[in-house]
There are 2 protein chains.
Amino acid sequence: MPLTIALAQINPTVGDIPGNLELHRRTLAQVGDQAEVVIFPEGALPGYPAQDLLFEKAFLKDLQEGLEILAGEVGDHWVITGTVRRERGRLFNTAAVLHDGRIVTWRDKTLLPTYDVFDEARYFTPAENIEPVHINPSTGEPVRIGLHICEDLWDRAYETKVCDILGEQGVDLFINISASPFRVDRDPRRRDLIVEKARLWGKPYLYCNLVGGQDELVFDGRSLVCDESGELICTGAAFEEDLIYVPFPLDTATRLCPQEADYAGQAATTPTRVEELNGAIVLGIRDYFRKTGHREAVVGLSGGVDSSVTAGLAVQALGRERVIGIAMPAIYSSSQSEADARIVAQNLGIRFEMLSIESLRREMQDALEPFFRDTEPGVAEENLQARIRMTLLMAVANKRGALLLTTGNKTEVALGYATLYGDMAGGLAPIGDVSKSDVYRLARHINEREGREVIPPTVLEKTPSAELAPGQVDPFDYDVVSPLVDELVLNRASDEELTAKGYDPTLIAEIRALIVKAEYKRWQAAPSIRVTGKAFGVGRRCPIVNRYRG
Amino acid sequence: MPLTIALAQINPTVGDIPGNLELHRRTLAQVGDQAEVVIFPEGALPGYPAQDLLFEKAFLKDLQEGLEILAGEVGDHWVITGTVRRERGRLFNTAAVLHDGRIVTWRDKTLLPTYDVFDEARYFTPAENIEPVHINPSTGEPVRIGLHICEDLWDRAYETKVCDILGEQGVDLFINISASPFRVDRDPRRRDLIVEKARLWGKPYLYCNLVGGQDELVFDGRSLVCDESGELICTGAAFEEDLIYVPFPLDTATRLCPQEADYAGQAATTPTRVEELNGAIVLGIRDYFRKTGHREAVVGLSGGVDSSVTAGLAVQALGRERVIGIAMPAIYSSSQSEADARIVAQNLGIRFEMLSIESLRREMQDALEPFFRDTEPGVAEENLQARIRMTLLMAVANKRGALLLTTGNKTEVALGYATLYGDMAGGLAPIGDVSKSDVYRLARHINEREGREVIPPTVLEKTPSAELAPGQVDPFDYDVVSPLVDELVLNRASDEELTAKGYDPTLIAEIRALIVKAEYKRWQAAPSIRVTGKAFGVGRRCPIVNRYRG
């Protein structure tokens, strides 16, 4: 009789040990006797990344107690789950093996990433031993598992090759538990690596990834099963929980995926780039609200593409009855913008209110007479309007216990073309890691999903403008500047590379300088949902005081 | 003839390679033939910490060119300076040894801190060899220098003991170049460690530390010279640049310090705790303004102790003609508060304006009628006032190209007793790492420094209040809560430890929960000047989505 292994792609919450324990419990009950081995992702018990919570001794104690409770409940199952353990004052990011009421053993993570959003050297000590786990299923031979954790797979930049060390000792299969955050276009690289390891050692490779939103990060799930010949035979759902049963030895004639739609060969399962963006952001919004206990979102609707897309994504995440759109015209707002804001709200079916800020704007300027008299209107007057709008939006959010969504995109946040404590305000920035070009793609995608023009052509075709001064339009040609910003932020392109691609050297210097200069605004920016390889936020650490201009 | 070594405690700026090069040049010109060896701190050429600037290839190239220019200018001097070098795709935090037009050799940092504010594993590879540097002065024997960098001294938590490895190979003296950030009460620990190393190996120990403000960090200087018997014979100035000449072999009969006031035995040089706080914050403000190119500070004066102390520190840092105080009374402001704000401004000699927000407050509430009608007044109405004030303060700052200072203290930022985009707004939070109790100490210290009641007794004795609602006072007994917050944040005290100290268990749970709940506000807080071992900001990384409540 073959052994069955279940990959449980769950969505835990950081710090919620009882809740995460319950997710394990619920999964084990669901699995019942359909599988003897049940695998949970990296950090499944504490949530990932738990960050400085790991310095709280009480948290570590509660975590250990939670694990012991779970061990007491696994019965005949062999359970492998991600947690953190403390030994002689050191912490290990670890996979605990539970069976028959006991914590049987641990396998610690060896490769600790310290790049981008990762700070694992801040918390963890690398594994001191790398060896397979032997488990004894109720029938058949013992199984030697090459158990390792997340980065241990991504070994190209490291001297220690964890899979090779495991493989050389003899394993029957590899199991990797991960908390691998989403970024667009990353999934194929993951698959390639897994296929490579399976082929190299001629053993099946099972990959169980976390799913869910956590602050800026979205974990995308998409667990994988690869057979010993390197063929991918199953993938977990993207952006939702899933449970995959894997017979061992693998019967490669069988399609294992629970929903046929999820897997019909590798090519068919790969969502388009814009589908990935949409899916990641919607999960990011939904989990941020659910896990922080918010129900309702407030969005300032300007009639522009950014706020329209933000509202559209919020409706997908929360439902239309939990999103409120507010337009706040002032003297420089066009009547088209007012109309567009209203149409978008109507098309989305959300509550819509219009609050005029014009008399507030005038009164603010009067109040500032001791400082404004005899000066030319400029950025101070423009920012006033953005900050009055923020004050109204936050008042609505505070009054209703709702959360304000920030509508800024990555391109404008890069350039500092946004008002701090104005349109930059909000609890979460859904499109803060989406370039202006991708915002338009998302807008068209939202219309395609709905099969109608939710975001009307007038919004998609108008010249972008903050409408804070007479005749103002955004001082950037986004067709050029949006990809240029991505080259600079995402690819850290050099001037030579950029001029070779045809960018104007003066423009490159100007945009570089704007990005550096806006660092102080981003320091105080809302968390934005990370969807690229280099988002603003915890994964990009630049000084404010910085005189380097390239 | 004895060799003379100069310790140049300089204040570089991150990213400013030409400017930092000029600091080296100026120092070498000043030293002239008074010393043959000149030591600069860790990171003296790039500035420290350069953070993700180190991922810019152009920056590394410019840095290397800067070092080569410097090497070309050192002439007969032996110069040791802190920089970053790249070798086969890896970065090293390094001490370059320059002489006679050449980069003679490098000594890389071995111990790379990853705790608190430090991310060195993100950037650097540890030294691959640990060995002394041999230099050949123009007269006398070659000198074997146990050259190492900052954390290499603080070896207790590490397996590798850099000083011991150097000492065992035979050295004539130790030299440590550091960028060791200030925190209150740290200097004695530094001294103890240095004395311990000097005694253990019976060799002099020269410690050259960076000085200056960089974003949240303040480097305090206070370089040290310790003789072979472990006696401290000189210390550099605190919070300012300094240049110390050290004869080698050491003549311990001589007091080396340039200003006698700086050193008259260890006890006498130790400033009081409140003097340290004052000195660090003033340098932090001054350098933030200077290095970001701001001249003028705007401070909202409420008549309370926090804004009074912030203004007092700003005047010390910038001069009274570069600070503007603005009071913004509303209906719930007491006439005493208005009077106190005015008196503090008068006593400090700064420009003072009063802008009433009362009619703006009423008009905002009217504008919000669709959302406010039939609701009870609460936090939404309170926050309105704080955000109107922010809007006015930022308008003044934007109009004048000035920088708004945030006036919040660490205790209220911990508790979330502050309005996001309201009183939390500003470019820099001078007292954001100062507890409420210490704010009162600073207030009294400011009065003592001036020899008069700059901050009047009415400010020091009134019950703290945000004055945002009728009869409102801060809902905390700060005499209890301020030290409790420090126990929780700074010492990570357990419930057991706190109840043993007499804290009420209900209060502990309540304060713990408030601290966790306010994480989302702190995510968007202004950088605050770090003066303790655990400040909010880059050194404390806590999730917003976090269900753990202890």
# chains A, B, ... in the order shown; residues from 1 in each chain; ligands from 1

$ interface_residues --of "chain A" --to "chain B" --cutoff "7 Å" --atoms "only C-alpha atoms" --output "NGL selection string"
:A and (14-16 or 50-53 or 56 or 58-59 or 114-115 or 121-122 or 214-215 or 291-292 or 355 or 367-368 or 371 or 379-380 or 384 or 387 or 391-392 or 395-396 or 398-399 or 421 or 492 or 524-526 or 540-548 or 550)

$ select_by_dssp --residues "stretch 332-478 of chain A" --states "alpha helix (DSSP H)" --output "MDAnalysis selection string"
chainID A and resid 335:348 358:367 369:372 379:400 410:415 436:450 457:461 478

$ atom_distance --atom1 "atom CA of A:Glu510" --atom2 "atom CA of A:Pro475"
12.2 Å

$ atom_distance --atom1 "atom CA of A:Leu318" --atom2 "atom CA of A:Ile350"
11.2 Å

$ residues_around --residues "stretch 321-326 of chain A" --least-positions-apart "5" --cutoff "6 Å" --atoms "only C-alpha atoms" --output "PDB file with N, CA, C and O atoms, in the first residue's frame"
ATOM      1  N   GLU A 296     -13.966  47.759   6.749  1.00  0.00           N
ATOM      2  CA  GLU A 296     -14.369  48.668   5.697  1.00  0.00           C
ATOM      3  C   GLU A 296     -13.188  49.489   5.187  1.00  0.00           C
ATOM      4  O   GLU A 296     -12.346  49.913   5.968  1.00  0.00           O
ATOM      5  N   ALA A 297     -13.162  49.738   3.872  1.00  0.00           N
ATOM      6  CA  ALA A 297     -12.121  50.571   3.273  1.00  0.00           C
ATOM      7  C   ALA A 297     -12.692  51.897   2.806  1.00  0.00           C
ATOM      8  O   ALA A 297     -13.803  51.946   2.277  1.00  0.00           O
ATOM      9  N   VAL A 298     -11.917  52.954   3.004  1.00  0.00           N
ATOM     10  CA  VAL A 298     -12.241  54.274   2.458  1.00  0.00           C
ATOM     11  C   VAL A 298     -11.228  54.577   1.363  1.00  0.00           C
ATOM     12  O   VAL A 298     -10.019  54.363   1.553  1.00  0.00           O
ATOM     13  N   VAL A 299     -11.703  55.039   0.217  1.00  0.00           N
ATOM     14  CA  VAL A 299     -10.812  55.396  -0.893  1.00  0.00           C
ATOM     15  C   VAL A 299     -11.203  56.788  -1.388  1.00  0.00           C
ATOM     16  O   VAL A 299     -12.375  57.044  -1.661  1.00  0.00           O
ATOM     17  N   GLY A 300     -10.215  57.651  -1.472  1.00  0.00           N
ATOM     18  CA  GLY A 300     -10.448  58.950  -2.090  1.00  0.00           C
ATOM     19  C   GLY A 300     -10.445  58.778  -3.604  1.00  0.00           C
ATOM     20  O   GLY A 300      -9.445  58.339  -4.176  1.00  0.00           O
ATOM     21  N   LEU A 301     -11.558  59.094  -4.262  1.00  0.00           N
ATOM     22  CA  LEU A 301     -11.664  58.912  -5.716  1.00  0.00           C
ATOM     23  C   LEU A 301     -11.454  60.258  -6.404  1.00  0.00           C
ATOM     24  O   LEU A 301     -12.229  61.191  -6.191  1.00  0.00           O
ATOM     25  N   ILE A 350     -20.328  50.871  -5.208  1.00  0.00           N
ATOM     26  CA  ILE A 350     -19.946  51.230  -3.832  1.00  0.00           C
ATOM     27  C   ILE A 350     -20.626  52.527  -3.412  1.00  0.00           C
ATOM     28  O   ILE A 350     -21.067  53.318  -4.247  1.00  0.00           O
ATOM     29  N   ARG A 351     -20.707  52.734  -2.098  1.00  0.00           N
ATOM     30  CA  ARG A 351     -21.209  54.010  -1.586  1.00  0.00           C
ATOM     31  C   ARG A 351     -20.291  55.133  -2.058  1.00  0.00           C
ATOM     32  O   ARG A 351     -19.066  54.992  -2.042  1.00  0.00           O
ATOM     33  N   PHE A 352     -20.893  56.247  -2.437  1.00  0.00           N
ATOM     34  CA  PHE A 352     -20.125  57.373  -2.960  1.00  0.00           C
ATOM     35  C   PHE A 352     -20.600  58.661  -2.320  1.00  0.00           C
ATOM     36  O   PHE A 352     -21.800  58.895  -2.197  1.00  0.00           O
ATOM     37  N   GLU A 353     -19.665  59.478  -1.857  1.00  0.00           N
ATOM     38  CA  GLU A 353     -20.010  60.796  -1.338  1.00  0.00           C
ATOM     39  C   GLU A 353     -19.088  61.825  -1.962  1.00  0.00           C
ATOM     40  O   GLU A 353     -17.932  61.533  -2.282  1.00  0.00           O
ATOM     41  N   MET A 354     -19.611  63.003  -2.105  1.00  0.00           N
ATOM     42  CA  MET A 354     -18.789  64.097  -2.588  1.00  0.00           C
ATOM     43  C   MET A 354     -18.713  65.160  -1.506  1.00  0.00           C
ATOM     44  O   MET A 354     -19.736  65.620  -1.006  1.00  0.00           O
TER      45      MET A 354
END

$ residues_around --residues "B:Ala280" --least-positions-apart "2" --cutoff "8 Å" --atoms "only C-alpha atoms" --output "mmCIF file with C-alpha atoms, in the first residue's frame"
data_model
loop_
_atom_site.group_PDB
_atom_site.id
_atom_site.type_symbol
_atom_site.label_atom_id
_atom_site.label_comp_id
_atom_site.auth_asym_id
_atom_site.auth_seq_id
_atom_site.Cartn_x
_atom_site.Cartn_y
_atom_site.Cartn_z
ATOM 1 C CA PHE B 182 25.585 56.755 20.771
ATOM 2 C CA VAL B 218 24.190 59.908 16.362
ATOM 3 C CA ASP B 220 29.329 60.427 19.668
ATOM 4 C CA PHE B 239 29.536 65.145 19.939
ATOM 5 C CA GLU B 276 24.487 63.158 27.235
ATOM 6 C CA LEU B 277 20.875 63.190 26.050
ATOM 7 C CA ASN B 278 20.992 66.922 25.413
ATOM 8 C CA VAL B 282 21.414 68.705 19.600
ATOM 9 C CA LEU B 283 24.027 67.124 17.330
ATOM 10 C CA GLY B 284 21.347 64.928 15.755
ATOM 11 C CA VAL B 531 19.515 57.839 22.281
#

$ closest_residue --among "B:Leu153, B:Leu3, B:Leu111, B:Val143" --to "B:Pro126" --atoms "only C-alpha atoms"
B:Leu111

$ select_by_dssp --residues "stretch 21-253 of chain A" --states "strand (DSSP E or B)" --output "PyMOL selection string"
chain A and resi 37-39+78-87+90-99+102-108+124+133-135+143-149+173-178+181+205-209+211-214+217-221+224-226+232-235+238+242-248

$ atom_distance --atom1 "atom CA of A:Asp477" --atom2 "atom CA of A:Pro464"
9.6 Å

$ decode --residues "stretch 292-326 of chain B" --atoms "N, CA and C atoms" --output "tab-separated table (two decimals), in the first residue's frame"
chain	number	residue	atom	x	y	z
B	292	THR	N	20.95	67.69	5.16
B	292	THR	CA	19.87	67.66	4.18
B	292	THR	C	19.63	69.05	3.57
B	293	GLY	N	20.43	70.01	3.99
B	293	GLY	CA	20.32	71.34	3.38
B	293	GLY	C	19.13	72.16	3.87
B	294	HIS	N	18.69	71.92	5.10
B	294	HIS	CA	17.62	72.76	5.66
B	294	HIS	C	18.22	73.81	6.60
B	295	ARG	N	17.59	74.96	6.60
B	295	ARG	CA	18.07	76.02	7.48
B	295	ARG	C	17.19	76.20	8.70
B	296	GLU	N	15.87	76.10	8.47
B	296	GLU	CA	14.94	76.62	9.46
B	296	GLU	C	14.03	75.51	9.98
B	297	ALA	N	13.71	75.55	11.28
B	297	ALA	CA	12.80	74.58	11.88
B	297	ALA	C	11.49	75.26	12.26
B	298	VAL	N	10.38	74.52	12.04
B	298	VAL	CA	9.07	74.95	12.51
B	298	VAL	C	8.66	74.00	13.64
B	299	VAL	N	8.19	74.57	14.74
B	299	VAL	CA	7.73	73.76	15.87
B	299	VAL	C	6.34	74.23	16.28
B	300	GLY	N	5.42	73.30	16.38
B	300	GLY	CA	4.11	73.63	16.92
B	300	GLY	C	4.21	73.70	18.43
B	301	LEU	N	3.93	74.86	19.01
B	301	LEU	CA	4.05	75.03	20.46
B	301	LEU	C	2.67	74.92	21.10
B	302	SER	N	2.49	73.93	21.96
B	302	SER	CA	1.19	73.75	22.60
B	302	SER	C	1.14	74.34	24.00
B	303	GLY	N	2.29	74.76	24.50
B	303	GLY	CA	2.38	75.15	25.90
B	303	GLY	C	2.69	73.97	26.79
B	304	GLY	N	2.86	72.80	26.21
B	304	GLY	CA	3.21	71.61	26.97
B	304	GLY	C	4.72	71.40	27.02
B	305	VAL	N	5.12	70.41	27.81
B	305	VAL	CA	6.55	70.23	28.05
B	305	VAL	C	7.26	69.65	26.81
B	306	ASP	N	6.58	68.79	26.04
B	306	ASP	CA	7.24	68.16	24.90
B	306	ASP	C	7.64	69.18	23.83
B	307	SER	N	6.69	70.03	23.46
B	307	SER	CA	7.00	71.01	22.41
B	307	SER	C	7.96	72.07	22.93
B	308	SER	N	7.88	72.38	24.22
B	308	SER	CA	8.81	73.36	24.79
B	308	SER	C	10.24	72.84	24.74
B	309	VAL	N	10.41	71.56	25.11
B	309	VAL	CA	11.76	70.97	25.11
B	309	VAL	C	12.27	70.84	23.68
B	310	THR	N	11.39	70.43	22.76
B	310	THR	CA	11.80	70.31	21.36
B	310	THR	C	12.30	71.64	20.83
B	311	ALA	N	11.56	72.69	21.13
B	311	ALA	CA	11.98	74.03	20.67
B	311	ALA	C	13.29	74.44	21.33
B	312	GLY	N	13.43	74.11	22.61
B	312	GLY	CA	14.67	74.46	23.32
B	312	GLY	C	15.88	73.75	22.72
B	313	LEU	N	15.72	72.50	22.36
B	313	LEU	CA	16.83	71.76	21.76
B	313	LEU	C	17.12	72.28	20.35
B	314	ALA	N	16.05	72.63	19.62
B	314	ALA	CA	16.24	73.15	18.26
B	314	ALA	C	17.01	74.47	18.29
B	315	VAL	N	16.72	75.30	19.29
B	315	VAL	CA	17.45	76.57	19.40
B	315	VAL	C	18.93	76.31	19.69
B	316	GLN	N	19.22	75.35	20.55
B	316	GLN	CA	20.64	75.00	20.79
B	316	GLN	C	21.32	74.54	19.50
B	317	ALA	N	20.57	73.76	18.70
B	317	ALA	CA	21.17	73.16	17.50
B	317	ALA	C	21.33	74.15	16.37
B	318	LEU	N	20.34	75.05	16.21
B	318	LEU	CA	20.27	75.86	15.00
B	318	LEU	C	20.43	77.36	15.25
B	319	GLY	N	20.26	77.76	16.47
B	319	GLY	CA	20.25	79.21	16.77
B	319	GLY	C	18.82	79.72	16.76
B	320	ARG	N	18.54	80.69	17.59
B	320	ARG	CA	17.15	81.12	17.79
B	320	ARG	C	16.53	81.73	16.54
B	321	GLU	N	17.37	82.32	15.69
B	321	GLU	CA	16.80	82.98	14.49
B	321	GLU	C	16.38	81.97	13.43
B	322	ARG	N	16.67	80.69	13.69
B	322	ARG	CA	16.31	79.68	12.69
B	322	ARG	C	15.20	78.76	13.20
B	323	VAL	N	14.51	79.18	14.25
B	323	VAL	CA	13.40	78.36	14.79
B	323	VAL	C	12.15	79.24	14.85
B	324	ILE	N	11.03	78.70	14.35
B	324	ILE	CA	9.75	79.42	14.41
B	324	ILE	C	8.79	78.60	15.26
B	325	GLY	N	8.17	79.23	16.24
B	325	GLY	CA	7.17	78.56	17.07
B	325	GLY	C	5.77	79.03	16.68
B	326	ILE	N	4.86	78.06	16.53
B	326	ILE	CA	3.50	78.41	16.14
B	326	ILE	C	2.52	77.77	17.11
